[in-house]
Amino acid sequence: MEKFKAAMVLGAVGDALGYRKGRWEDCTSGKKIQEELASLGGLGAQKLDPDNWPLSDAARMHITTAEALVTDYWCLEDLYRELVRLYVEAMVSLQGRAPDPATVEGCVHLKPHNFLLAWHTPFNEKGSGFGAAAKAMCVGMRYWQPERIDNLVEVSIEIGRMTHNHPTGFLGSLTTALFASYAIQGKPPVAWGRELMKVIPRAEEYCKKTIRHMAEYQENWFYFEAKWQFYLEEREIEEEGQNKPSFPDRYDAEETDKMYKRWSSEGLAGRRGHDAPMIAYDALLAAGSDWAELCKRAMFHGGEDLHDRFNTQTDKTHTMLTVTSVKMFVLGESEATGLIAGCLYGLMHGLSQVPAGLYQDLDKRERLEELGEKLYTAASAEKCTDK
């Protein structure tokens with residue numbers, strides 16, 4: 001139970017560190033972020049509190065998902081209806097926090113008053129973002145046992161499709177849920193990526209059974225698999241028996257930024273459903289049980305500033321609208337990778353190596369610990385009502 005509580009808390013710590021009230025999440029240089037952190041006294045000197053280190057929209061959506069998973073639902077359809085209700089309510093509380101645009105767009109299509117089709121959203125060409133991946137670790141905590149893999153696959157895909165109805169988006173939620181279950185099972189992290197590749201065909205079979213958007217899915221399905229296969233080959237862990245990941249001799253902040261951009265879409269590290277879990281996973285492989293090292297790699301990395309990708313407009317009104325939309329689009333990199341990595345770290349290692357100042361006064365700490373405890377209890381109780 002303690003590791004379940006630690007997972008919820010450290011996921012939020014990772015989110016708050018990566019977010020830093022919006023100051024670091026769109027910084028282009030991990031080295032600059034780490035230098036600024038050093039000037040503030042280093043990681044161990046930080047005291048995270050709700051005013052200066054609030055949780056981002058990503059952490060709040062993870063909390064919202066967990067809240068539905070600990071309710072006493074009779075069947076998975078009832079769970080989905082509760083998730084729809086909570087997601088729609090959450091959109092109100094996220095106003096002013098620059099939430100993930102794909103999440104907002106997906107929630108617009110949720111239908112809390114439609115009993116049969118409440119969670120059926122249209123395919124979204126722009127739904128490939130990190131938001132689905134960043135809210136699904138709690139699904140893996142709820143359905144962590146190997147014999148409950150079918151529940152894990154279905155629920156992680158459905159919660160992903162509610163807001164990110166695109167394979168790159170909802171396969172991200174499958175990935176983080178799966179990795180959380182592997183962490184609880186005690187599988188060695190080096191094997192997680194290989195195991196993911198074996199489960200993706202099961203996800204495709206589930207999607208075929210639901211007979212929704214398969215034509216659009218098939219056009220976009222290959223990208224996610226190809227990116228992960230490329231990653232596993234680069235780390236030389238794609239085959240059974242390869243149990244020592246290969247890292248460059250020099251793998252400092254500047255090199256990790258370059259590497260993360262290579263894995264990304266459009267040079268934005270952690271912006272999509274495939275590479276947000278990938279960066280978190282890579283950080284776990286590199287850091288082991290070293291919390292400070294994990295933070296360097298998963299919470300304090302850079303990305304690419306999208307402002308450079310847009311032409312400056314001469315019309316002032318148009319310029320203001322363009323900059324606003326760019327700002328919305330660039331949000332959400334290091335807090336998402338930090339949230340995923342922190343949660344998985346907590347499931348494996350607990351709180352023992354984490355400075356107490358990072359979580360003692362953390363935003364929503366009591367609620368996070370309560371949800372961790374309830375997830376543990378719900379996962380431990382066999383329910384004959386589950387499919």
# chains A, B, ... in the order shown; residues from 1 in each chain; ligands from 1

call {"tool": "closest_atom_pairs", "arguments": {"of": "region 48-114 of chain A", "to": "region 16-35 of chain A", "cutoff": "6 Å", "atoms": "only C-alpha atoms", "output": "CSV"}}
result
residue,atom,partner,partner_atom,distance
A:Trp53,CA,A:Ala16,CA,5.5
A:Pro54,CA,A:Ala16,CA,5.9
A:Leu55,CA,A:Ala16,CA,5.1

call {"tool": "residues_around", "arguments": {"residues": "Cys138 (chain A)", "least_positions_apart": "2", "cutoff": "7 Å", "atoms": "only C-alpha atoms", "output": "PyMOL selection string"}}
result
chain A and resi 66+136+140-142+177

call {"tool": "write_last_selection", "arguments": {"atoms": "N, CA, C and O atoms", "output": "PDB file, in the first residue's frame"}}
result
ATOM      1  N   ALA A  66      -8.226   8.551 -11.345  1.00  0.00           N
ATOM      2  CA  ALA A  66      -8.135   7.691 -10.157  1.00  0.00           C
ATOM      3  C   ALA A  66      -9.416   7.757  -9.332  1.00  0.00           C
ATOM      4  O   ALA A  66      -9.872   6.742  -8.782  1.00  0.00           O
ATOM      5  N   ALA A 136      -3.013   7.756 -17.085  1.00  0.00           N
ATOM      6  CA  ALA A 136      -3.414   6.342 -17.095  1.00  0.00           C
ATOM      7  C   ALA A 136      -2.620   5.433 -16.172  1.00  0.00           C
ATOM      8  O   ALA A 136      -2.928   4.249 -16.080  1.00  0.00           O
ATOM      9  N   GLY A 140      -3.254   1.089 -14.498  1.00  0.00           N
ATOM     10  CA  GLY A 140      -2.362  -0.039 -14.255  1.00  0.00           C
ATOM     11  C   GLY A 140      -2.301  -0.412 -12.786  1.00  0.00           C
ATOM     12  O   GLY A 140      -2.126  -1.588 -12.434  1.00  0.00           O
ATOM     13  N   MET A 141      -2.466   0.569 -11.907  1.00  0.00           N
ATOM     14  CA  MET A 141      -2.485   0.290 -10.476  1.00  0.00           C
ATOM     15  C   MET A 141      -3.774  -0.439 -10.078  1.00  0.00           C
ATOM     16  O   MET A 141      -3.765  -1.299  -9.206  1.00  0.00           O
ATOM     17  N   ARG A 142      -4.863  -0.103 -10.732  1.00  0.00           N
ATOM     18  CA  ARG A 142      -6.158  -0.737 -10.431  1.00  0.00           C
ATOM     19  C   ARG A 142      -6.231  -2.158 -10.975  1.00  0.00           C
ATOM     20  O   ARG A 142      -6.839  -3.051 -10.365  1.00  0.00           O
ATOM     21  N   ALA A 177      -0.242   2.648 -18.388  1.00  0.00           N
ATOM     22  CA  ALA A 177      -0.978   1.709 -17.525  1.00  0.00           C
ATOM     23  C   ALA A 177      -0.232   0.385 -17.435  1.00  0.00           C
ATOM     24  O   ALA A 177      -0.069  -0.194 -16.353  1.00  0.00           O
TER      25      ALA A 177
END

call {"tool": "closest_residue", "arguments": {"among": "A:Ala215, A:Leu371, A:Val92, A:Leu284", "to": "Ala68 (chain A)", "atoms": "only C-alpha atoms"}}
result
A:Leu371

call {"tool": "closest_residue", "arguments": {"among": "A:Trp144, A:Met162, A:Glu67, A:Ala59", "to": "Glu105 (chain A)", "atoms": "only C-alpha atoms"}}
result
A:Met162

call {"tool": "closest_atom_pairs", "arguments": {"of": "region 83-179 of chain A", "to": "region 217-231 of chain A", "cutoff": "10 Å", "atoms": "only C-alpha atoms", "output": "CSV"}}
result
residue,atom,partner,partner_atom,distance
A:Phe123,CA,A:Tyr217,CA,8.4
A:Glu125,CA,A:Asn220,CA,9.2
A:Ser128,CA,A:Asn220,CA,9.7
A:Asn165,CA,A:Tyr217,CA,9.0
A:His166,CA,A:Tyr217,CA,6.7
A:Pro167,CA,A:Trp221,CA,5.6
A:Thr168,CA,A:Phe224,CA,5.6
A:Gly169,CA,A:Phe224,CA,9.1
A:Leu171,CA,A:Phe224,CA,7.6
A:Gly172,CA,A:Phe224,CA,8.6

call {"tool": "closest_residue", "arguments": {"among": "A:Lys135, A:His349, A:Lys187, A:Arg212", "to": "Arg60 (chain A)", "atoms": "only C-alpha atoms"}}
result
A:Lys135

call {"tool": "select_by_dssp", "arguments": {"residues": "region 150-379 of chain A", "states": "alpha helix (DSSP H)", "output": "PyMOL selection string"}}
result
chain A and resi 150-163+167-185+192-210+214-234+253-263+275-287+291-294+316-330+334-349+365-379

call {"tool": "atom_distance", "arguments": {"atom1": "CA of Val190 (chain A)", "atom2": "CA of Leu294 (chain A)"}}
result
15.5 Å

call {"tool": "closest_residue", "arguments": {"among": "A:Ile184, A:Gly273, A:Glu154, A:Lys126", "to": "Ala7 (chain A)", "atoms": "only C-alpha atoms"}}
result
A:Ile184

call {"tool": "closest_residue", "arguments": {"among": "A:Phe130, A:Leu362, A:Thr210, A:Lys296", "to": "Met278 (chain A)", "atoms": "only C-alpha atoms"}}
result
A:Phe130

call {"tool": "closest_residue", "arguments": {"among": "A:Gly338, A:Pro101, A:Gly160, A:Gly41", "to": "His301 (chain A)", "atoms": "only C-alpha atoms"}}
result
A:Gly338

call {"tool": "atom_distance", "arguments": {"atom1": "CA of Tyr143 (chain A)", "atom2": "CA of Leu69 (chain A)"}}
result
9.9 Å

call {"tool": "residues_around", "arguments": {"residues": "Glu240 (chain A)", "least_positions_apart": "2", "cutoff": "10 Å", "atoms": "only C-alpha atoms", "output": "compact mmCIF listing (two decimals) with N, CA, C and O atoms, in the first residue's frame"}}
result
# COMPACT_ATOMS: atom_id res chain seq x y z
N ALA A 191 12.73 -4.98 -19.46
CA ALA A 191 11.84 -5.84 -20.25
C ALA A 191 10.52 -5.17 -20.59
O ALA A 191 9.77 -5.68 -21.42
N ARG A 194 9.85 -4.36 -24.41
CA ARG A 194 9.62 -5.58 -25.20
C ARG A 194 8.21 -6.11 -24.96
O ARG A 194 7.52 -6.53 -25.89
N GLU A 195 7.81 -6.12 -23.69
CA GLU A 195 6.47 -6.62 -23.34
C GLU A 195 5.38 -5.74 -23.95
O GLU A 195 4.34 -6.24 -24.37
N ILE A 237 17.78 -3.28 -26.61
CA ILE A 237 17.01 -4.11 -25.69
C ILE A 237 15.75 -4.66 -26.37
O ILE A 237 14.77 -4.97 -25.70
N GLU A 238 15.79 -4.78 -27.69
CA GLU A 238 14.59 -5.21 -28.42
C GLU A 238 14.37 -6.71 -28.38
O GLU A 238 13.27 -7.19 -28.67
N GLN A 242 18.61 -9.40 -24.02
CA GLN A 242 19.34 -8.12 -24.02
C GLN A 242 18.88 -7.34 -22.78
O GLN A 242 17.86 -6.66 -22.80
N ASN A 243 19.63 -7.44 -21.72
CA ASN A 243 19.16 -6.91 -20.44
C ASN A 243 20.01 -5.78 -19.90
O ASN A 243 19.93 -5.44 -18.73

call {"tool": "residues_around", "arguments": {"residues": "Pro277 (chain A)", "least_positions_apart": "4", "cutoff": "8 Å", "atoms": "only C-alpha atoms", "output": "PyMOL selection string"}}
result
chain A and resi 133+172+175-176+270+273+281+337+340-341

call {"tool": "residues_around", "arguments": {"residues": "Met1 (chain A)", "least_positions_apart": "3", "cutoff": "8 Å", "atoms": "only C-alpha atoms", "output": "tab-separated table (two decimals) with N, CA and C atoms, in the first residue's frame"}}
result
chain	number	residue	atom	x	y	z
A	4	PHE	N	1.84	2.34	-3.41
A	4	PHE	CA	0.72	2.91	-4.16
A	4	PHE	C	0.55	4.39	-3.77
A	5	LYS	N	0.63	4.66	-2.47
A	5	LYS	CA	0.53	6.05	-2.01
A	5	LYS	C	1.70	6.87	-2.54
A	372	GLY	N	-4.19	6.65	-3.49
A	372	GLY	CA	-3.26	5.53	-3.56
A	372	GLY	C	-3.74	4.37	-2.70
A	373	GLU	N	-4.18	4.69	-1.50
A	373	GLU	CA	-4.69	3.66	-0.58
A	373	GLU	C	-5.92	2.98	-1.15
A	376	TYR	N	-5.10	0.66	-4.05
A	376	TYR	CA	-4.55	-0.59	-3.53
A	376	TYR	C	-5.66	-1.51	-3.05
